[in-house]
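Note: the block below is work.csv and it holds CSV, C-alpha atoms.
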chain,number,residue,atom,x,y,z
A,1,MET,CA,-4.6,37.9,-17.4
A,2,LYS,CA,-7.9,36.9,-16.1
A,3,ASN,CA,-8.2,34.5,-13.1
A,4,ALA,CA,-8.1,30.8,-14.1
A,5,PRO,CA,-10.1,28.2,-12.2
A,6,ILE,CA,-7.4,25.5,-12.1
A,7,VAL,CA,-3.7,25.7,-12.0
A,8,GLU,CA,-3.2,24.0,-15.4
A,9,GLU,CA,-5.2,26.8,-17.0
A,10,ILE,CA,-3.0,29.3,-15.2
A,11,TYR,CA,0.1,27.7,-16.6
A,12,GLU,CA,-1.3,27.6,-20.1
A,13,GLU,CA,-2.4,31.2,-19.9
A,14,LEU,CA,0.9,32.3,-18.5
A,15,LYS,CA,2.8,30.4,-21.2
A,16,SER,CA,0.7,32.0,-23.9
A,17,TRP,CA,1.0,35.5,-22.5
A,18,LEU,CA,4.8,35.3,-22.0
A,19,TYR,CA,5.3,34.1,-25.6
A,20,THR,CA,2.9,36.5,-27.2
A,21,VAL,CA,4.3,39.6,-25.4
A,22,TYR,CA,7.9,38.7,-24.7
A,23,LYS,CA,8.7,35.7,-27.0
A,24,ILE,CA,9.5,33.6,-24.0
A,25,HIS,CA,9.0,29.9,-24.5
A,26,ASN,CA,11.5,28.3,-22.1
A,27,ILE,CA,9.9,28.4,-18.7
A,28,LYS,CA,10.3,26.7,-15.3
A,29,ILE,CA,8.2,27.1,-12.2
A,30,THR,CA,9.4,25.4,-9.0
A,31,ILE,CA,8.2,25.4,-5.4
A,32,THR,CA,10.8,25.2,-2.7
A,33,ASN,CA,10.0,24.3,1.0
A,34,ILE,CA,11.3,22.3,3.9
A,35,ASP,CA,10.5,19.1,2.1
A,36,GLY,CA,12.6,20.0,-0.9
A,37,CYS,CA,12.1,21.4,-4.4
A,38,ASP,CA,9.3,20.5,-6.8
A,39,LEU,CA,9.3,21.3,-10.5
A,40,ILE,CA,5.6,22.0,-11.1
A,41,PHE,CA,5.7,23.4,-14.6
A,42,HIS,CA,8.3,23.2,-17.4
A,43,ASN,CA,7.9,24.3,-21.0
A,44,GLY,CA,10.5,24.4,-23.8
A,45,LYS,CA,14.0,22.9,-23.6
A,46,GLU,CA,15.9,21.9,-20.5
A,47,TYR,CA,18.2,24.5,-19.1
A,48,ASP,CA,20.1,25.5,-15.9
A,49,ILE,CA,18.4,28.3,-14.0
A,50,ASP,CA,21.9,29.6,-13.1
A,51,SER,CA,22.9,30.1,-16.8
A,52,GLY,CA,23.8,33.5,-18.0
A,53,LEU,CA,20.7,33.9,-20.1
A,54,SER,CA,18.2,32.9,-17.4
A,55,LEU,CA,16.1,35.3,-15.4
A,56,ASN,CA,14.7,34.2,-12.1
A,57,PHE,CA,11.9,35.6,-10.0
A,58,SER,CA,11.6,34.3,-6.5
A,59,ILE,CA,8.4,35.0,-4.6
A,60,ASP,CA,8.2,34.1,-0.9
A,61,ILE,CA,5.1,32.3,0.2
A,62,ASN,CA,6.0,32.3,3.8
A,63,THR,CA,9.2,32.0,5.9
A,64,GLU,CA,9.7,28.4,4.8
A,65,SER,CA,8.7,28.3,1.2
A,66,SER,CA,8.8,30.2,-2.1
A,67,ILE,CA,8.0,29.9,-5.8
A,68,MET,CA,10.6,30.5,-8.4
A,69,PHE,CA,9.6,31.6,-11.9
A,70,SER,CA,12.5,31.2,-14.4
A,71,PHE,CA,12.9,32.0,-18.1
A,72,LEU,CA,15.7,31.2,-20.5
A,73,CYS,CA,16.2,34.1,-22.9
A,74,ASP,CA,17.2,33.5,-26.5
A,75,ASN,CA,20.2,35.8,-26.5
A,76,GLU,CA,21.7,38.8,-24.7
A,77,GLU,CA,19.5,41.3,-26.4
A,78,HIS,CA,16.4,39.3,-25.5
A,79,PHE,CA,17.7,39.0,-21.9
A,80,LYS,CA,18.2,42.8,-21.7
A,81,GLU,CA,14.6,43.4,-23.0
A,82,ILE,CA,13.1,41.1,-20.4
A,83,ASP,CA,15.3,42.5,-17.6
A,84,GLU,CA,14.0,46.0,-18.3
A,85,ARG,CA,10.5,44.7,-17.4
A,86,TYR,CA,11.7,42.8,-14.3
A,87,ILE,CA,9.6,44.8,-11.7
A,88,TYR,CA,6.4,44.5,-13.8
A,89,LEU,CA,6.8,40.8,-14.3
A,90,ASN,CA,7.7,40.3,-10.6
A,91,THR,CA,4.4,42.0,-9.7
A,92,ILE,CA,2.5,39.7,-12.0
A,93,PHE,CA,4.1,36.6,-10.4
A,94,TYR,CA,3.4,38.0,-6.9
A,95,VAL,CA,-0.3,38.2,-7.7
A,96,ILE,CA,-0.7,34.7,-9.1
A,97,THR,CA,1.6,32.9,-6.5
A,98,PRO,CA,-1.0,32.4,-3.8
A,99,LEU,CA,-3.4,30.7,-6.2
A,100,ILE,CA,-0.6,28.4,-7.6
A,101,ASN,CA,0.5,27.5,-4.1
A,102,THR,CA,-3.0,26.7,-2.9
A,103,THR,CA,-3.8,24.5,-5.9
A,104,PHE,CA,-0.4,22.8,-5.6
A,105,LEU,CA,-1.1,21.9,-1.9
A,106,GLU,CA,-4.6,20.7,-2.7
A,107,GLU,CA,-3.2,18.4,-5.4
A,108,LYS,CA,-0.5,17.2,-3.1
A,109,VAL,CA,-3.1,16.3,-0.4
A,110,LYS,CA,-5.3,14.6,-3.0
A,111,ASP,CA,-2.3,12.5,-4.3
A,112,THR,CA,-1.6,11.4,-0.7
A,113,SER,CA,-5.1,10.2,-0.3
A,114,VAL,CA,-5.2,8.2,-3.6
A,115,LYS,CA,-1.6,7.0,-4.0
A,116,ASP,CA,0.3,4.2,-2.3
A,117,PRO,CA,3.3,5.7,-0.5
A,118,ILE,CA,5.6,2.8,-1.3
A,119,THR,CA,5.1,2.3,-5.0
A,120,GLY,CA,3.6,5.6,-6.0
A,121,LEU,CA,0.8,3.8,-7.7
A,122,TYR,CA,-2.9,4.7,-7.3
A,123,ASN,CA,-4.7,2.9,-4.5
A,124,ARG,CA,-8.2,1.2,-4.1
A,125,LYS,CA,-9.9,4.6,-3.4
A,126,TYR,CA,-8.8,5.9,-6.8
A,127,LEU,CA,-9.7,2.7,-8.5
A,128,LEU,CA,-13.3,2.8,-7.3
A,129,GLU,CA,-13.6,6.5,-8.4
A,130,HIS,CA,-12.1,5.7,-11.8
A,131,LEU,CA,-14.2,2.6,-12.4
A,132,GLU,CA,-17.5,4.4,-11.6
A,133,LYS,CA,-16.7,6.7,-14.6
A,134,MET,CA,-14.9,4.2,-16.9
A,135,LEU,CA,-17.2,1.2,-16.8
A,136,PRO,CA,-20.5,2.8,-17.8
A,137,LEU,CA,-18.7,4.5,-20.7
A,138,ALA,CA,-17.2,1.1,-21.8
A,139,ARG,CA,-20.6,-0.5,-21.6
A,140,ARG,CA,-22.3,2.3,-23.8
A,141,GLU,CA,-19.5,1.9,-26.3
A,142,GLN,CA,-19.7,-1.9,-26.1
A,143,LYS,CA,-16.0,-2.3,-25.2
A,144,ASN,CA,-14.4,-4.9,-23.0
A,145,VAL,CA,-12.3,-4.1,-20.0
A,146,ALA,CA,-9.9,-6.7,-18.6
A,147,PHE,CA,-9.0,-6.9,-14.9
A,148,LEU,CA,-5.7,-8.6,-14.2
A,149,MET,CA,-5.2,-9.4,-10.5
A,150,VAL,CA,-1.4,-9.8,-9.9
A,151,GLY,CA,0.1,-11.5,-6.9
A,152,ILE,CA,3.8,-12.1,-6.0
A,153,ASP,CA,4.5,-15.8,-5.5
A,154,HIS,CA,5.5,-16.6,-1.9
A,155,PHE,CA,6.0,-12.9,-1.0
A,156,LYS,CA,5.9,-13.6,2.7
A,157,ALA,CA,9.1,-15.7,2.3
A,158,VAL,CA,10.9,-12.5,1.3
A,159,ILE,CA,10.0,-10.8,4.5
A,160,ASP,CA,10.9,-13.9,6.6
A,161,GLU,CA,14.2,-14.4,4.9
A,162,PHE,CA,15.2,-10.7,4.6
A,163,ASP,CA,13.2,-7.8,5.9
A,164,TYR,CA,10.5,-5.3,5.0
A,165,GLU,CA,12.9,-3.1,3.2
A,166,ILE,CA,13.7,-5.8,0.7
A,167,GLY,CA,10.0,-6.6,0.5
A,168,ASP,CA,9.4,-2.9,-0.4
A,169,LYS,CA,12.0,-3.2,-3.1
A,170,VAL,CA,10.2,-6.2,-4.6
A,171,LEU,CA,6.9,-4.3,-4.6
A,172,ILE,CA,8.5,-1.3,-6.3
A,173,GLU,CA,10.2,-3.5,-8.9
A,174,LEU,CA,6.9,-5.1,-9.8
A,175,ALA,CA,5.1,-1.7,-9.9
A,176,ASP,CA,7.8,-0.5,-12.4
A,177,THR,CA,7.4,-3.6,-14.5
A,178,LEU,CA,3.7,-3.4,-14.7
A,179,GLN,CA,3.7,0.3,-15.7
A,180,GLU,CA,6.4,-0.2,-18.3
A,181,ASP,CA,4.6,-3.1,-20.0
A,182,ILE,CA,1.1,-1.6,-20.5
A,183,ARG,CA,-0.4,1.2,-22.6
A,184,THR,CA,-0.9,4.7,-21.4
A,185,SER,CA,-4.7,4.2,-21.5
A,186,ASP,CA,-4.4,1.4,-18.9
A,187,ILE,CA,-3.9,1.8,-15.1
A,188,VAL,CA,-2.0,-0.1,-12.4
A,189,ILE,CA,-3.3,-0.2,-8.8
A,190,ARG,CA,-1.7,-1.4,-5.7
A,191,LEU,CA,-4.6,-3.1,-3.7
A,192,ASP,CA,-3.2,-4.7,-0.6
A,193,ALA,CA,0.1,-6.3,0.5
A,194,ASP,CA,1.5,-8.1,-2.5
A,195,GLU,CA,-1.6,-7.7,-4.7
A,196,PHE,CA,-1.8,-5.4,-7.7
A,197,LEU,CA,-4.5,-4.8,-10.3
A,198,VAL,CA,-4.0,-3.9,-13.9
A,199,VAL,CA,-7.0,-2.5,-15.7
A,200,LEU,CA,-6.8,-2.9,-19.5
A,201,ALA,CA,-9.2,-0.7,-21.4
A,202,ASN,CA,-10.8,-1.7,-24.7
A,203,VAL,CA,-9.5,-5.3,-24.9
A,204,GLN,CA,-10.5,-7.4,-27.8
A,205,SER,CA,-10.9,-10.7,-26.0
A,206,LYS,CA,-9.9,-12.9,-23.0
A,207,GLU,CA,-7.1,-14.2,-25.2
A,208,SER,CA,-5.7,-10.7,-25.7
A,209,ALA,CA,-5.9,-10.1,-21.9
A,210,ALA,CA,-4.1,-13.4,-21.2
A,211,SER,CA,-1.4,-12.5,-23.7
A,212,VAL,CA,-0.7,-9.3,-21.9
A,213,ALA,CA,-0.7,-11.1,-18.6
A,214,GLN,CA,1.8,-13.7,-19.9
A,215,LYS,CA,4.0,-10.8,-21.0
A,216,LEU,CA,3.9,-9.3,-17.5
A,217,VAL,CA,4.8,-12.7,-15.9
A,218,GLU,CA,7.7,-13.1,-18.2
A,219,SER,CA,9.0,-9.5,-17.8
A,220,PHE,CA,8.9,-9.6,-14.0
A,221,GLY,CA,10.6,-13.0,-14.0
A,222,LYS,CA,13.6,-11.5,-15.6
A,223,ARG,CA,13.9,-8.6,-13.1
A,224,GLU,CA,16.4,-8.6,-10.3
A,225,VAL,CA,16.1,-6.9,-6.9
A,226,ASP,CA,19.3,-5.7,-5.3
A,227,VAL,CA,19.6,-7.3,-1.8
A,228,ASN,CA,23.1,-6.5,-0.9
A,229,SER,CA,25.1,-4.0,-3.0
A,230,TYR,CA,28.4,-5.0,-1.3
A,231,THR,CA,28.1,-8.7,-2.0
A,232,GLY,CA,26.2,-8.3,-5.3
A,233,GLN,CA,23.4,-10.5,-4.0
A,234,THR,CA,20.2,-10.2,-5.9
A,235,LEU,CA,16.7,-11.7,-5.7
A,236,LYS,CA,14.3,-12.9,-8.4
A,237,LYS,CA,10.6,-13.3,-7.8
A,238,THR,CA,7.7,-14.5,-9.9
A,239,ILE,CA,4.0,-13.6,-10.2
A,240,CYS,CA,0.7,-15.2,-10.9
A,241,VAL,CA,-2.2,-13.4,-12.7
A,242,GLY,CA,-5.9,-13.9,-12.5
A,243,ILE,CA,-8.1,-12.4,-15.2
A,244,SER,CA,-11.8,-11.4,-15.2
A,245,MET,CA,-13.6,-9.5,-18.0
A,246,TYR,CA,-16.1,-6.7,-18.0
A,247,PRO,CA,-19.0,-7.0,-18.9
A,248,ASP,CA,-18.8,-10.8,-19.8
A,249,ASP,CA,-18.1,-12.0,-16.3
A,250,SER,CA,-20.0,-9.3,-14.4
A,251,THR,CA,-21.1,-5.7,-14.6
A,252,SER,CA,-20.7,-5.2,-10.8
A,253,ILE,CA,-17.4,-3.6,-9.7
A,254,ASP,CA,-17.4,-5.7,-6.5
A,255,GLN,CA,-18.1,-8.9,-8.3
A,256,ILE,CA,-15.5,-8.3,-11.1
A,257,LEU,CA,-12.8,-7.7,-8.5
A,258,LYS,CA,-13.9,-10.8,-6.6
A,259,ASN,CA,-13.8,-12.8,-9.8
A,260,SER,CA,-10.2,-11.6,-10.5
A,261,ASP,CA,-9.2,-12.5,-7.0
A,262,ILE,CA,-10.7,-16.0,-7.3
A,263,SER,CA,-8.7,-16.5,-10.6
A,264,LEU,CA,-5.5,-15.4,-8.9
A,265,TYR,CA,-6.2,-17.8,-6.0
A,266,GLU,CA,-6.6,-20.7,-8.4
A,267,ALA,CA,-3.6,-19.7,-10.5
A,268,ARG,CA,-1.4,-19.7,-7.3
A,269,ASN,CA,-2.6,-23.1,-6.5
A,270,LYS,CA,-1.3,-24.4,-9.8
A,271,GLY,CA,2.3,-23.1,-9.0
A,272,ARG,CA,4.5,-20.2,-9.9
A,273,SER,CA,4.2,-17.9,-12.9
A,274,GLN,CA,0.7,-19.0,-13.8
A,275,VAL,CA,-2.0,-17.1,-15.7
A,276,LEU,CA,-5.7,-18.1,-15.3
A,277,VAL,CA,-8.8,-16.7,-16.8
A,278,PHE,CA,-12.0,-16.6,-14.7
A,279,ASN,CA,-14.9,-19.0,-15.3
A,280,GLN,CA,-18.1,-19.6,-13.3
A,281,ASP,CA,-16.9,-23.0,-12.1
A,282,GLN,CA,-14.2,-21.3,-10.1
A,283,GLU,CA,-16.6,-19.2,-8.1
A,284,SER,CA,-18.5,-22.3,-6.9
A,285,SER,CA,-15.3,-24.1,-6.0
A,286,VAL,CA,-13.3,-21.4,-4.2
A,287,ASP,CA,-13.9,-20.0,-0.8
A,288,LEU,CA,-11.7,-16.9,-0.4
A,289,PHE,CA,-13.0,-16.2,3.1
Would you write out, as structure tokens, the structure that this file holds?
Amino acid sequence: MKNAPIVEEIYEELKSWLYTVYKIHNIKITITNIDGCDLIFHNGKEYDIDSGLSLNFSIDINTESSIMFSFLCDNEEHFKEIDERYIYLNTIFYVITPLINTTFLEEKVKDTSVKDPITGLYNRKYLLEHLEKMLPLARREQKNVAFLMVGIDHFKAVIDEFDYEIGDKVLIELADTLQEDIRTSDIVIRLDADEFLVVLANVQSKESAASVAQKLVESFGKREVDVNSYTGQTLKKTICVGISMYPDDSTSIDQILKNSDISLYEARNKGRSQVLVFNQDQESSVDLF
């Protein structure tokens, strides 16, 4: 196998080679270290690596970590055929292990820099990188993009009444709700404190964006956060949403985010569970700073 520039290509090349030569299609690759075990590649059906028809190849990276290559054979005859090539396969895995490990660590560091540690959502840094590519494309294709700024109503009261742990649970619950109720082409960002941003690609109109926002408001309003598992105490919170459209409201990333924030501010002033679409009158009447 030739060297592949990125780890995904290595996996695809390895998968193709194993199937072509050995008819292996059930594969797992895991990395084990002091932080735990990460499944980094899986192809085929789910299986237990300790099953009688699985073959495992463990390659040490250092004294604290290793990579496990595992196959599930189709039957005993298939198992025997692969087992006879164990030393050769082990050598192949030994050769590609350093590259897989290096790429895995690089991706892990990248994830740490662009993901929020509490919710697992992408952060502002990722958002700006994403929008620099997304918005020019949307403009060329004459497509609308909706920015939904989401804020939790009276979030500080949660911290004051309970603690930061319960506050984190509320944030995680909202993150889960937002991700479940949007399309795979859309993204959810945690911006700051209790504010999130939902970016809806290729939206037909402001009315369509408002409809999505209303659905998010209603969905989160039904969710419950476990406060005390012993007493069964739960907590319900609500959200408000401010909406701004690209390119109708602005073609500047900074301005479009400011517009969304202004709409959220105005929505919160109207009460709980409010949805408000940006208009130019809001910008002249609201002073966020």
I'd like the contact shell of Leu55 of chain A - 8 Å cut-off, only C-alpha atoms, skipping same-chain residues fewer than 5 positions apart - returned as JSON, numbers by chain.
{"A": [49, 70, 71, 72, 73, 79, 83]}
Close residues, Asn228 of chain A itself excluded, 12 Å, all atoms listed in the file, min 4 positions apart in chain, as an mmCIF file with C-alpha atoms, in the frame of the given file:
data_model
loop_
_atom_site.group_PDB
_atom_site.id
_atom_site.type_symbol
_atom_site.label_atom_id
_atom_site.label_comp_id
_atom_site.auth_asym_id
_atom_site.auth_seq_id
_atom_site.Cartn_x
_atom_site.Cartn_y
_atom_site.Cartn_z
ATOM 1 C CA PHE A 162 15.200 -10.700 4.600
ATOM 2 C CA GLU A 165 12.900 -3.100 3.200
ATOM 3 C CA ILE A 166 13.700 -5.800 0.700
ATOM 4 C CA LYS A 169 12.000 -3.200 -3.100
ATOM 5 C CA GLU A 224 16.400 -8.600 -10.300
ATOM 6 C CA GLY A 232 26.200 -8.300 -5.300
ATOM 7 C CA GLN A 233 23.400 -10.500 -4.000
ATOM 8 C CA THR A 234 20.200 -10.200 -5.900
ATOM 9 C CA LEU A 235 16.700 -11.700 -5.700
#
Between atom CA of Ala267 of chain A and atom CA of Ala213 of chain A - distance in Å to one decimal:
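Computed distance, atom CA of Ala213 of chain A to atom CA of Ala267 of chain A, equals 12.2 Å.
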Distance query Val241 of chain A at most 9 Å, all atoms listed in the file, self and fewer than 5 positions along chain excluded, as a PDB file with C-alpha atoms, in the coordinates of the input:
ATOM      1  CA  LEU A 148      -5.700  -8.600 -14.200  1.00  0.00           C
ATOM      2  CA  MET A 149      -5.200  -9.400 -10.500  1.00  0.00           C
ATOM      3  CA  VAL A 150      -1.400  -9.800  -9.900  1.00  0.00           C
ATOM      4  CA  GLY A 151       0.100 -11.500  -6.900  1.00  0.00           C
ATOM      5  CA  ALA A 210      -4.100 -13.400 -21.200  1.00  0.00           C
ATOM      6  CA  ALA A 213      -0.700 -11.100 -18.600  1.00  0.00           C
ATOM      7  CA  GLN A 214       1.800 -13.700 -19.900  1.00  0.00           C
ATOM      8  CA  LEU A 216       3.900  -9.300 -17.500  1.00  0.00           C
ATOM      9  CA  VAL A 217       4.800 -12.700 -15.900  1.00  0.00           C
ATOM     10  CA  SER A 260     -10.200 -11.600 -10.500  1.00  0.00           C
ATOM     11  CA  SER A 263      -8.700 -16.500 -10.600  1.00  0.00           C
ATOM     12  CA  LEU A 264      -5.500 -15.400  -8.900  1.00  0.00           C
ATOM     13  CA  TYR A 265      -6.200 -17.800  -6.000  1.00  0.00           C
ATOM     14  CA  ALA A 267      -3.600 -19.700 -10.500  1.00  0.00           C
ATOM     15  CA  ARG A 268      -1.400 -19.700  -7.300  1.00  0.00           C
ATOM     16  CA  SER A 273       4.200 -17.900 -12.900  1.00  0.00           C
ATOM     17  CA  GLN A 274       0.700 -19.000 -13.800  1.00  0.00           C
ATOM     18  CA  VAL A 275      -2.000 -17.100 -15.700  1.00  0.00           C
ATOM     19  CA  LEU A 276      -5.700 -18.100 -15.300  1.00  0.00           C
ATOM     20  CA  VAL A 277      -8.800 -16.700 -16.800  1.00  0.00           C
TER      21      VAL A 277
END
Calculated over only C-alpha atoms, which of the candidates A:Ile40, A:Met245, A:Leu191, A:Ile24 has the smallest distance to Leu127 of chain A?
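Closest residue, counting only C-alpha atoms: A:Leu191.
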